[in-house]
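Asks: Next up is a structure, given as structure tokens.
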Amino acid sequence: MTQENTVLKSVDVTRPKRLPRYTSYPTALEFGPIDGKSHDKWLKSLPICEPISLYFHIPYCDKLCWFCGCFTTISNKYGPVEKFLEVLKQEVRQTAKKTGRLKVSHIHFGGGSPSILDPADFRSLIDVLSECYDIDDVPEFAIEIDPRTVDRDKIFAYASSGVNRVSLGIQDFNLKTQEAINRIQTVDLIEKTMRDFKGAGIERVNFDLIYGLPYQSIDTIAETILTTIKFKPSRIALFGYAHVPHMKKHQKLVGEHELPNQKERQAQFNWASKMLTDNGYRAIGLDHFALPDDHLFTSFDQGKLKRNFQGYTDDTANSLIGFGPSAISNLPDGYAQNVPSIRDYIEKVSSNKSSVVRGLSISNKDKMFRDVISTLMCYFEVDPVKITMEHHIHYNFKIEIKNLMKLVEAGYMSRDGNNFKINKKVMPYLRAIATVFDQYFDQNSSDIISRCVHESEG
Ligand SMILES: C[S@@+](CC[C@H](N)C(=O)[O-])C[C@H]1O[C@@H](n2cnc3c(N)ncnc32)[C@H](O)[C@@H]1O
Ligand code: SF4
């Protein structure tokens with residue numbers, strides 16, 4: 001999945017005033033203007049001995065999917081992509097001058113469709129990357145793929161550049177739904193794509209699926225899941241369709257009367273989730289599923305799962321540097337987001353100016369709350385007192401515990417000492433419950449129980 005808040009999930013979206021998904025804390029809603037100097041200082045102070053993660057945002061696609069909430073541009077010609085790529089390389093070089101040649105533990109290409117890049121162009125970007133950073137034997141090197149734009153040459157370029165995980169945008173296998181979202185891709189195409197990736201030695205495959213799309217029903221979702229299971233992707237993301245035509249004008253092309261209602265959406269998710277778990281997948285967090293051979297599965301058991309812009313991760317790096325328009329860096333001292341407009345991004349980087357426009361510096365207290373919220377979002381339970389002690393912070397959680405106790409009394413959570421656990425039947429209220437710990441959320445704006453009820457109504 002793309003960096004989540006470059007997508008509509010950024011603004012947290014399935015309906016107006018959607019609660020945060022807490023892919024970061026503080027959330028991107030709290031970002032304000034920051035200048036390039038603070039960001040430069042944060043980059044320069046990255047510890048030389050710690051590995052980092054890198055995120056690349058490729059904001060181009062061949063064809064518009066009407067449901068799309070990602071930050072992308074449709075380009076019929078390759079010229080603009082080539083020009084953008086040169087600027088992206090410049091940004092990598094400029095950043096590396098500030099950070100030094102650090103070791104990289106995780107690379108993610110998102111978008112848009114990174115698979116739009118020509119094989120030679122992809123390789124030349126990786127060459128620049130390896131001049132600037134140590135990318136030998138990167139444990140996780142992932143790329144998001146639009147299956148309609150990939151071929152054997154590209155797949156070979158990925159494999160020879162060290163890519164070891166691919167995320168295929170599937171969405172749904174039903175033709176009527178595909179037609180209604182302007183995204184037709186056959187099962188045969190996916191079969192061929194899977195075969196080619198396997199042939200190139202890339203075996204870690206994610207499928208991105210969506211429920212709540214036009215004409216979907218429990219029956220059609222069940223068929224999509226059956227087909228999916230046959231391909232055995234090691235990881236599946238099952239996203240709820242975020243319909244925000246006020247923000248993404250092209251979504252007006254998706255007929256609203258064809259969309260399932262909130263009750264149907266929930267039933268589709270529950271059905272799909274049951275089919276996946278009955279077939280050996282483990283449900284992870286809000287919307288992910290993994291087979292036992294996927295390291296998200298083992299990391300979950302080991303308590304190593306974290307929340308990040310891609311949703312869920314077991315990436316252990318403390319710092320992530322984002323490249324490309326709208327990309328967000330998550331550094332020990334704060335968050336920094338690049339300008340979203342491609343034109344402004346090109347103008348800034350080409351004239352050697354900082355491309356960062358928004359962000360937030362984070363305090364030790366923010367980091368403690370980030371751990372509390374991330375633990376809750378990953379494991380549906382948390383012992384906040386234990387986490388304050390790990391952070392050597394004294395905080396009594398008076399207001400938070402009062403709200404948590406309301407949830408316990410309502411039967412939404414159970415308490416064991418200082419550990420609070422969300423009951424299975426109210427798991428869909430997860431983000432409403434997480435707001436209890438959000439120090440930027442106006443706790444007086446609504447009662448915690450009504451926040452949960454509102455969340456369940458969609
Ligand atoms: C950047 S795209 C993946 C790569 C490529 N662009 C593609 O679509 O195949 C990331 C994923 O975001 C999800 N997505 C996009 N728009 C969405 C929306 N409105 N609601 C929910 N998920 C969405 C889709 O599952 C999509 O595969
Ligand atoms: S290919 Fe992916 S990013 Fe591009 S328009 Fe479709 S969903 Fe959006």
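Convention: chains lettered A, B, ... in structure tokens order; per-chain residue numbering from 1; ligands numbered from 1 as shown.
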Could you pull out the alpha helix (DSSP H) residues of segment 16-174 of chain A from DSSP and send them as a PyMOL selection string?
Replies: chain A and resi 36-44+79-99+119-132+152-161
Asks: Those residues you just picked out, can you put them in a file as a compact mmCIF listing (two decimals), in the first residue's frame with C-alpha atoms?
Replies:
```txt
# COMPACT_ATOMS: atom_id res chain seq x y z
CA GLY A 36 13.73 23.21 5.19
CA LYS A 37 16.31 24.18 7.83
CA SER A 38 14.71 22.10 10.61
CA HIS A 39 14.39 19.17 8.26
CA ASP A 40 18.05 19.53 7.24
CA LYS A 41 19.05 19.55 10.91
CA TRP A 42 17.00 16.39 11.55
CA LEU A 43 18.64 14.66 8.57
CA LYS A 44 22.13 15.70 9.61
CA GLY A 79 8.35 12.09 -21.17
CA PRO A 80 7.08 13.68 -17.92
CA VAL A 81 7.88 10.48 -16.01
CA GLU A 82 11.47 10.52 -17.33
CA LYS A 83 11.88 14.17 -16.36
CA PHE A 84 10.45 13.50 -12.89
CA LEU A 85 12.84 10.59 -12.41
CA GLU A 86 15.89 12.80 -13.03
CA VAL A 87 14.63 15.18 -10.34
CA LEU A 88 13.97 12.30 -7.96
CA LYS A 89 17.60 11.23 -8.40
CA GLN A 90 18.66 14.79 -7.61
CA GLU A 91 16.62 14.70 -4.40
CA VAL A 92 18.34 11.44 -3.39
CA ARG A 93 21.78 12.98 -3.99
CA GLN A 94 20.92 16.20 -2.14
CA THR A 95 19.55 14.26 0.84
CA ALA A 96 22.51 11.89 1.01
CA LYS A 97 24.86 14.89 1.28
CA LYS A 98 23.08 15.69 4.56
CA THR A 99 22.70 12.19 5.99
CA PRO A 119 13.31 -1.23 -16.66
CA ALA A 120 16.40 0.81 -17.61
CA ASP A 121 15.08 3.83 -15.70
CA PHE A 122 14.32 1.75 -12.62
CA ARG A 123 17.85 0.34 -12.73
CA SER A 124 19.44 3.76 -13.13
CA LEU A 125 17.50 5.06 -10.10
CA ILE A 126 18.74 2.09 -8.08
CA ASP A 127 22.31 2.81 -9.30
CA VAL A 128 22.06 6.35 -7.93
CA LEU A 129 20.61 4.99 -4.73
CA SER A 130 23.51 2.59 -4.29
CA GLU A 131 26.02 5.41 -4.90
CA CYS A 132 24.39 7.37 -2.08
CA ARG A 152 8.98 -9.76 -17.89
CA ASP A 153 11.66 -7.14 -18.59
CA LYS A 154 10.45 -5.02 -15.71
CA ILE A 155 10.18 -8.02 -13.41
CA PHE A 156 13.73 -9.03 -14.29
CA ALA A 157 14.91 -5.47 -13.57
CA TYR A 158 13.25 -5.61 -10.13
CA ALA A 159 14.75 -9.00 -9.27
CA SER A 160 18.24 -7.99 -10.37
CA SER A 161 17.98 -4.75 -8.38
```
Asks: Residues within 8 Å of ligand 1 should be enumerated using only C-alpha atoms and all ligand atoms and returned as a PDB file with N, CA and C atoms, in the first residue's frame.
Replies:
```
ATOM      1  N   MET A   1       0.833  -1.192   0.000  1.00  0.00           N
ATOM      2  CA  MET A   1       0.000   0.000   0.000  1.00  0.00           C
ATOM      3  C   MET A   1       0.865   1.237   0.000  1.00  0.00           C
ATOM      4  N   THR A   2       0.378   2.208  -0.720  1.00  0.00           N
ATOM      5  CA  THR A   2       1.080   3.466  -0.809  1.00  0.00           C
ATOM      6  C   THR A   2       1.217   4.132   0.558  1.00  0.00           C
ATOM      7  N   VAL A   7      -2.457   9.202   0.270  1.00  0.00           N
ATOM      8  CA  VAL A   7      -3.715   8.755  -0.296  1.00  0.00           C
ATOM      9  C   VAL A   7      -4.788   9.472   0.465  1.00  0.00           C
ATOM     10  N   LEU A   8      -5.992   9.239   0.060  1.00  0.00           N
ATOM     11  CA  LEU A   8      -7.060   9.871   0.781  1.00  0.00           C
ATOM     12  C   LEU A   8      -7.095   9.419   2.202  1.00  0.00           C
ATOM     13  N   LYS A   9      -6.505   8.272   2.459  1.00  0.00           N
ATOM     14  CA  LYS A   9      -6.521   7.820   3.836  1.00  0.00           C
ATOM     15  C   LYS A   9      -5.792   8.833   4.662  1.00  0.00           C
ATOM     16  N   THR A  14     -13.151   7.603   4.737  1.00  0.00           N
ATOM     17  CA  THR A  14     -14.292   6.945   4.105  1.00  0.00           C
ATOM     18  C   THR A  14     -15.572   7.759   4.202  1.00  0.00           C
ATOM     19  N   CYS A  61       0.361   7.261 -13.271  1.00  0.00           N
ATOM     20  CA  CYS A  61      -0.318   6.025 -13.708  1.00  0.00           C
ATOM     21  C   CYS A  61      -0.652   6.165 -15.183  1.00  0.00           C
ATOM     22  N   CYS A  65      -8.232   4.860 -12.487  1.00  0.00           N
ATOM     23  CA  CYS A  65      -9.256   4.004 -11.882  1.00  0.00           C
ATOM     24  C   CYS A  65     -10.212   4.958 -11.180  1.00  0.00           C
ATOM     25  N   PHE A  67     -12.168   4.661  -8.728  1.00  0.00           N
ATOM     26  CA  PHE A  67     -12.257   4.592  -7.264  1.00  0.00           C
ATOM     27  C   PHE A  67     -11.028   5.224  -6.597  1.00  0.00           C
ATOM     28  N   CYS A  68     -10.020   5.575  -7.398  1.00  0.00           N
ATOM     29  CA  CYS A  68      -8.692   5.851  -6.844  1.00  0.00           C
ATOM     30  C   CYS A  68      -8.672   7.010  -5.853  1.00  0.00           C
ATOM     31  N   GLY A  69      -8.012   6.767  -4.733  1.00  0.00           N
ATOM     32  CA  GLY A  69      -7.846   7.808  -3.726  1.00  0.00           C
ATOM     33  C   GLY A  69      -6.384   8.167  -3.550  1.00  0.00           C
ATOM     34  N   CYS A  70      -5.529   7.601  -4.413  1.00  0.00           N
ATOM     35  CA  CYS A  70      -4.090   7.828  -4.249  1.00  0.00           C
ATOM     36  C   CYS A  70      -3.691   9.175  -4.831  1.00  0.00           C
ATOM     37  N   GLY A 110       6.083   3.309  -3.713  1.00  0.00           N
ATOM     38  CA  GLY A 110       4.623   3.389  -3.761  1.00  0.00           C
ATOM     39  C   GLY A 110       4.187   4.470  -4.730  1.00  0.00           C
ATOM     40  N   GLY A 111       2.877   4.645  -4.816  1.00  0.00           N
ATOM     41  CA  GLY A 111       2.428   5.668  -5.762  1.00  0.00           C
ATOM     42  C   GLY A 111       0.938   5.905  -5.699  1.00  0.00           C
ATOM     43  N   GLY A 112       0.328   6.199  -6.833  1.00  0.00           N
ATOM     44  CA  GLY A 112       0.746   6.001  -8.182  1.00  0.00           C
ATOM     45  C   GLY A 112       1.147   4.549  -8.464  1.00  0.00           C
ATOM     46  N   SER A 113       1.769   4.417  -9.607  1.00  0.00           N
ATOM     47  CA  SER A 113       2.196   3.085 -10.030  1.00  0.00           C
ATOM     48  C   SER A 113       3.690   3.072 -10.357  1.00  0.00           C
ATOM     49  N   PRO A 114       4.521   2.644  -9.397  1.00  0.00           N
ATOM     50  CA  PRO A 114       5.951   2.563  -9.686  1.00  0.00           C
ATOM     51  C   PRO A 114       6.242   1.661 -10.886  1.00  0.00           C
ATOM     52  N   SER A 115       5.315   0.729 -11.178  1.00  0.00           N
ATOM     53  CA  SER A 115       5.553  -0.190 -12.302  1.00  0.00           C
ATOM     54  C   SER A 115       5.451   0.526 -13.647  1.00  0.00           C
ATOM     55  N   GLU A 144       5.106  -1.458  -5.313  1.00  0.00           N
ATOM     56  CA  GLU A 144       3.684  -1.609  -5.655  1.00  0.00           C
ATOM     57  C   GLU A 144       3.533  -1.708  -7.167  1.00  0.00           C
ATOM     58  N   ILE A 145       2.726  -2.676  -7.588  1.00  0.00           N
ATOM     59  CA  ILE A 145       2.627  -3.003  -9.010  1.00  0.00           C
ATOM     60  C   ILE A 145       1.185  -2.908  -9.484  1.00  0.00           C
ATOM     61  N   ASP A 146       0.983  -2.180 -10.567  1.00  0.00           N
ATOM     62  CA  ASP A 146      -0.286  -2.286 -11.286  1.00  0.00           C
ATOM     63  C   ASP A 146      -0.075  -3.423 -12.294  1.00  0.00           C
ATOM     64  N   PRO A 147      -0.742  -4.577 -12.107  1.00  0.00           N
ATOM     65  CA  PRO A 147      -0.448  -5.760 -12.951  1.00  0.00           C
ATOM     66  C   PRO A 147      -0.604  -5.480 -14.443  1.00  0.00           C
ATOM     67  N   ARG A 148      -1.389  -4.447 -14.796  1.00  0.00           N
ATOM     68  CA  ARG A 148      -1.605  -4.154 -16.221  1.00  0.00           C
ATOM     69  C   ARG A 148      -0.393  -3.473 -16.845  1.00  0.00           C
ATOM     70  N   SER A 167       3.658  -5.863  -4.312  1.00  0.00           N
ATOM     71  CA  SER A 167       2.285  -5.685  -3.865  1.00  0.00           C
ATOM     72  C   SER A 167       1.440  -5.458  -5.113  1.00  0.00           C
ATOM     73  N   LEU A 168       0.548  -6.411  -5.405  1.00  0.00           N
ATOM     74  CA  LEU A 168      -0.240  -6.292  -6.628  1.00  0.00           C
ATOM     75  C   LEU A 168      -1.595  -5.648  -6.337  1.00  0.00           C
ATOM     76  N   GLY A 169      -1.926  -4.613  -7.102  1.00  0.00           N
ATOM     77  CA  GLY A 169      -3.250  -3.994  -6.980  1.00  0.00           C
ATOM     78  C   GLY A 169      -4.256  -4.881  -7.687  1.00  0.00           C
ATOM     79  N   ILE A 170      -5.058  -5.606  -6.908  1.00  0.00           N
ATOM     80  CA  ILE A 170      -6.047  -6.533  -7.492  1.00  0.00           C
ATOM     81  C   ILE A 170      -7.434  -5.892  -7.427  1.00  0.00           C
ATOM     82  N   GLN A 171      -7.815  -5.446  -6.283  1.00  0.00           N
ATOM     83  CA  GLN A 171      -9.115  -4.806  -5.952  1.00  0.00           C
ATOM     84  C   GLN A 171     -10.248  -5.834  -5.948  1.00  0.00           C
ATOM     85  N   PHE A 207      -1.469  -9.050  -2.028  1.00  0.00           N
ATOM     86  CA  PHE A 207      -2.605  -8.633  -2.857  1.00  0.00           C
ATOM     87  C   PHE A 207      -3.295  -7.470  -2.140  1.00  0.00           C
ATOM     88  N   ASP A 208      -3.619  -6.425  -2.891  1.00  0.00           N
ATOM     89  CA  ASP A 208      -4.480  -5.361  -2.346  1.00  0.00           C
ATOM     90  C   ASP A 208      -5.887  -5.633  -2.843  1.00  0.00           C
ATOM     91  N   LEU A 209      -6.818  -5.846  -1.925  1.00  0.00           N
ATOM     92  CA  LEU A 209      -8.230  -6.054  -2.279  1.00  0.00           C
ATOM     93  C   LEU A 209      -9.056  -4.939  -1.652  1.00  0.00           C
ATOM     94  N   ILE A 210     -10.208  -4.665  -2.249  1.00  0.00           N
ATOM     95  CA  ILE A 210     -11.085  -3.640  -1.670  1.00  0.00           C
ATOM     96  C   ILE A 210     -12.502  -4.200  -1.532  1.00  0.00           C
ATOM     97  N   ALA A 237      -3.996  -7.195   1.888  1.00  0.00           N
ATOM     98  CA  ALA A 237      -4.592  -6.008   2.532  1.00  0.00           C
ATOM     99  C   ALA A 237      -6.020  -5.926   2.010  1.00  0.00           C
ATOM    100  N   LEU A 238      -6.965  -5.836   2.916  1.00  0.00           N
ATOM    101  CA  LEU A 238      -8.383  -5.781   2.526  1.00  0.00           C
ATOM    102  C   LEU A 238      -8.928  -4.424   2.973  1.00  0.00           C
ATOM    103  N   PHE A 239      -8.869  -3.456   2.046  1.00  0.00           N
ATOM    104  CA  PHE A 239      -9.243  -2.087   2.401  1.00  0.00           C
ATOM    105  C   PHE A 239     -10.727  -1.843   2.168  1.00  0.00           C
ATOM    106  N   GLY A 240     -11.316  -1.006   2.991  1.00  0.00           N
ATOM    107  CA  GLY A 240     -12.684  -0.542   2.748  1.00  0.00           C
ATOM    108  C   GLY A 240     -12.614   0.591   1.730  1.00  0.00           C
ATOM    109  N   TYR A 241     -13.474   0.533   0.712  1.00  0.00           N
ATOM    110  CA  TYR A 241     -13.457   1.600  -0.298  1.00  0.00           C
ATOM    111  C   TYR A 241     -13.733   2.952   0.355  1.00  0.00           C
ATOM    112  N   ALA A 242     -12.830   3.888   0.162  1.00  0.00           N
ATOM    113  CA  ALA A 242     -12.995   5.240   0.691  1.00  0.00           C
ATOM    114  C   ALA A 242     -13.567   6.116  -0.415  1.00  0.00           C
ATOM    115  N   HIS A 243     -14.828   6.461  -0.278  1.00  0.00           N
ATOM    116  CA  HIS A 243     -15.519   7.239  -1.314  1.00  0.00           C
ATOM    117  C   HIS A 243     -15.581   8.695  -0.865  1.00  0.00           C
ATOM    118  N   VAL A 244     -14.755   9.524  -1.476  1.00  0.00           N
ATOM    119  CA  VAL A 244     -14.665  10.930  -1.059  1.00  0.00           C
ATOM    120  C   VAL A 244     -14.710  11.851  -2.288  1.00  0.00           C
TER     121      VAL A 244
END
```
Asks: What's the 9 Å shell around Ser319 of chain A, counting only C-alpha atoms, without same-chain residues fewer than 6 positions away, as a list in words?
Replies: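 The residues satisfying every condition are Leu46, Glu50, Pro51, Ile52, Ser53, Leu54, Ser329, Asn330, Leu331 and Pro332 of chain A.
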Asks: Which residues, written as a list in words, have at least one atom at most 12 Å from Asn396 of chain A, with only C-alpha atoms counted and residues fewer than 6 positions away on the same chain left out?
Replies: Pro384, Val385, Lys386, Ile387, Thr388, Met389, Lys402 and Asn418 of chain A
Asks: Nearest to Ile449 of chain A among A:Asn403, A:Ser414, A:Thr298, A:Asn318, with distances taken over only C-alpha atoms: which residue is it?
Replies: A:Asn403
Asks: As a PyMOL selection string, please: the residues near Cys49 of chain A (cut-off 12 Å, only C-alpha atoms, same-chain neighbours under 4 positions excluded).
Replies: chain A and resi 45+99-104+134+317-318
Asks: Between A:Asn279, A:Ser363, A:Gln216, A:Ser299, which has the minimum distance to Pro233 of chain A (counting only C-alpha atoms)?
Replies: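 The closest residue to Pro233 of chain A is A:Asn279.
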Asks: From the DSSP assignment of the backbone, select every residue of segment 204-330 of chain A that is strand (DSSP E), and format the answer as an NGL selection string.
Replies: :A and (204-211 or 235-240 or 282-284 or 288-290 or 306-308 or 311-313 or 320-323 or 328-330)
Asks: Save out the residues we just selected, N, CA and C atoms, as a CSV table (one decimal), in the first residue's frame.
Replies:
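Just written: result_20.csv:
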```csv
chain,number,residue,atom,x,y,z
A,204,ARG,N,7.6,-13.3,-2.4
A,204,ARG,CA,6.8,-12.6,-1.4
A,204,ARG,C,5.8,-11.7,-2.1
A,205,VAL,N,4.5,-12.1,-2.1
A,205,VAL,CA,3.6,-11.3,-2.9
A,205,VAL,C,2.4,-10.9,-2.0
A,206,ASN,N,2.1,-9.6,-2.1
A,206,ASN,CA,0.9,-9.1,-1.4
A,206,ASN,C,-0.2,-8.8,-2.4
A,207,PHE,N,-1.5,-9.0,-2.0
A,207,PHE,CA,-2.6,-8.6,-2.9
A,207,PHE,C,-3.3,-7.5,-2.1
A,208,ASP,N,-3.6,-6.4,-2.9
A,208,ASP,CA,-4.5,-5.4,-2.3
A,208,ASP,C,-5.9,-5.6,-2.8
A,209,LEU,N,-6.8,-5.8,-1.9
A,209,LEU,CA,-8.2,-6.1,-2.3
A,209,LEU,C,-9.1,-4.9,-1.7
A,210,ILE,N,-10.2,-4.7,-2.2
A,210,ILE,CA,-11.1,-3.6,-1.7
A,210,ILE,C,-12.5,-4.2,-1.5
A,211,TYR,N,-13.2,-3.9,-0.4
A,211,TYR,CA,-14.6,-4.2,-0.3
A,211,TYR,C,-15.3,-2.9,-0.2
A,235,ARG,N,0.6,-12.2,1.8
A,235,ARG,CA,0.0,-11.1,2.6
A,235,ARG,C,-1.2,-10.5,1.8
A,236,ILE,N,-2.2,-10.2,2.5
A,236,ILE,CA,-3.4,-9.5,1.8
A,236,ILE,C,-3.8,-8.3,2.6
A,237,ALA,N,-4.0,-7.2,1.9
A,237,ALA,CA,-4.6,-6.0,2.5
A,237,ALA,C,-6.0,-5.9,2.0
A,238,LEU,N,-7.0,-5.8,2.9
A,238,LEU,CA,-8.4,-5.8,2.5
A,238,LEU,C,-8.9,-4.4,3.0
A,239,PHE,N,-8.9,-3.5,2.0
A,239,PHE,CA,-9.2,-2.1,2.4
A,239,PHE,C,-10.7,-1.8,2.2
A,240,GLY,N,-11.3,-1.0,3.0
A,240,GLY,CA,-12.7,-0.5,2.7
A,240,GLY,C,-12.6,0.6,1.7
A,282,ARG,N,-3.8,-15.3,9.0
A,282,ARG,CA,-4.1,-14.7,10.3
A,282,ARG,C,-4.5,-13.2,10.1
A,283,ALA,N,-5.6,-12.8,10.8
A,283,ALA,CA,-6.0,-11.4,10.7
A,283,ALA,C,-5.0,-10.5,11.5
A,284,ILE,N,-4.4,-9.5,10.9
A,284,ILE,CA,-3.5,-8.6,11.5
A,284,ILE,C,-4.0,-7.2,11.5
A,288,HIS,N,-5.2,-6.3,7.6
A,288,HIS,CA,-4.2,-7.1,6.9
A,288,HIS,C,-4.4,-8.6,7.3
A,289,PHE,N,-3.9,-9.5,6.4
A,289,PHE,CA,-4.0,-10.9,6.6
A,289,PHE,C,-2.7,-11.5,6.2
A,290,ALA,N,-2.1,-12.4,6.9
A,290,ALA,CA,-0.8,-13.0,6.5
A,290,ALA,C,-0.8,-14.5,6.7
A,306,LYS,N,4.4,-2.9,14.1
A,306,LYS,CA,4.3,-1.4,14.3
A,306,LYS,C,3.3,-0.9,13.2
A,307,ARG,N,2.9,0.3,13.5
A,307,ARG,CA,2.0,1.0,12.6
A,307,ARG,C,2.9,2.0,11.8
A,308,ASN,N,2.8,2.0,10.5
A,308,ASN,CA,3.5,3.1,9.8
A,308,ASN,C,2.6,3.5,8.6
A,311,GLY,N,0.6,1.1,6.7
A,311,GLY,CA,-0.4,0.4,7.4
A,311,GLY,C,0.3,-0.3,8.6
A,312,TYR,N,0.7,-1.6,8.3
A,312,TYR,CA,1.4,-2.4,9.3
A,312,TYR,C,2.7,-2.8,8.8
A,313,THR,N,3.7,-2.9,9.7
A,313,THR,CA,5.1,-3.2,9.3
A,313,THR,C,5.8,-3.8,10.4
A,320,LEU,N,12.6,7.0,8.7
A,320,LEU,CA,12.2,6.8,7.3
A,320,LEU,C,12.4,8.1,6.6
A,321,ILE,N,13.0,8.0,5.4
A,321,ILE,CA,13.2,9.2,4.6
A,321,ILE,C,12.3,9.0,3.4
A,322,GLY,N,11.4,10.0,3.1
A,322,GLY,CA,10.5,9.9,2.0
A,322,GLY,C,11.0,10.8,0.9
A,323,PHE,N,10.9,10.3,-0.4
A,323,PHE,CA,11.3,11.0,-1.6
A,323,PHE,C,10.2,11.1,-2.5
A,328,ILE,N,6.3,11.5,2.9
A,328,ILE,CA,6.5,12.0,4.3
A,328,ILE,C,7.8,11.2,4.9
A,329,SER,N,8.6,12.0,5.6
A,329,SER,CA,9.7,11.4,6.3
A,329,SER,C,9.3,11.3,7.8
A,330,ASN,N,9.7,10.2,8.4
A,330,ASN,CA,9.4,10.1,9.8
A,330,ASN,C,10.8,9.9,10.5
```
Asks: Mind giving me the straight-line distance from atom CA of Thr316 of chain A to atom CA of Ala28 of chain A in Å, one decimal?
Replies: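 Separating atom CA of Thr316 of chain A from atom CA of Ala28 of chain A is a distance of 21.4 Å.
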Asks: For a test of reading the model, state the distance in Å between atom CA of Gly280 of chain A and atom CA of Gln302 of chain A, rounded to one decimal.
Replies: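 Value for the atom CA of Gly280 of chain A-atom CA of Gln302 of chain A distance: 18.8 Å.
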Asks: Applying 12 Å and only C-alpha atoms, which residues near Asn182 of chain A remain after dropping the ones on its own chain fewer than 5 positions away? List them as a PyMOL selection string.
Replies: chain A and resi 63-68+171-172+175-177+213-214+250-251+253-255
Asks: Could you name the residues that touch Phe231 of chain A at 9 Å or less, counting only C-alpha atoms, but leaving out those on the same chain fewer than 5 positions away, as a list in words?
Replies: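 Counting only the stated atoms, we get Ile190, Glu191 and Met194 of chain A.
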Asks: Could those residues be written to a file, using C-alpha atoms, as a PDB file, in the first residue's frame?
Replies:
```pdb
ATOM      1  CA  ILE A 190      -2.768 -12.156 -12.590  1.00  0.00           C
ATOM      2  CA  GLU A 191      -1.867 -15.806 -13.160  1.00  0.00           C
ATOM      3  CA  MET A 194       2.394 -14.346 -10.493  1.00  0.00           C
TER       4      MET A 194
END
```
Asks: Between A:Met427, A:Leu29, A:His57, A:Ile48, which has the minimum distance to ligand 2 (counting only C-alpha atoms and all ligand atoms)?
Replies: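 So, comparing all the options, the nearest one is A:His57.
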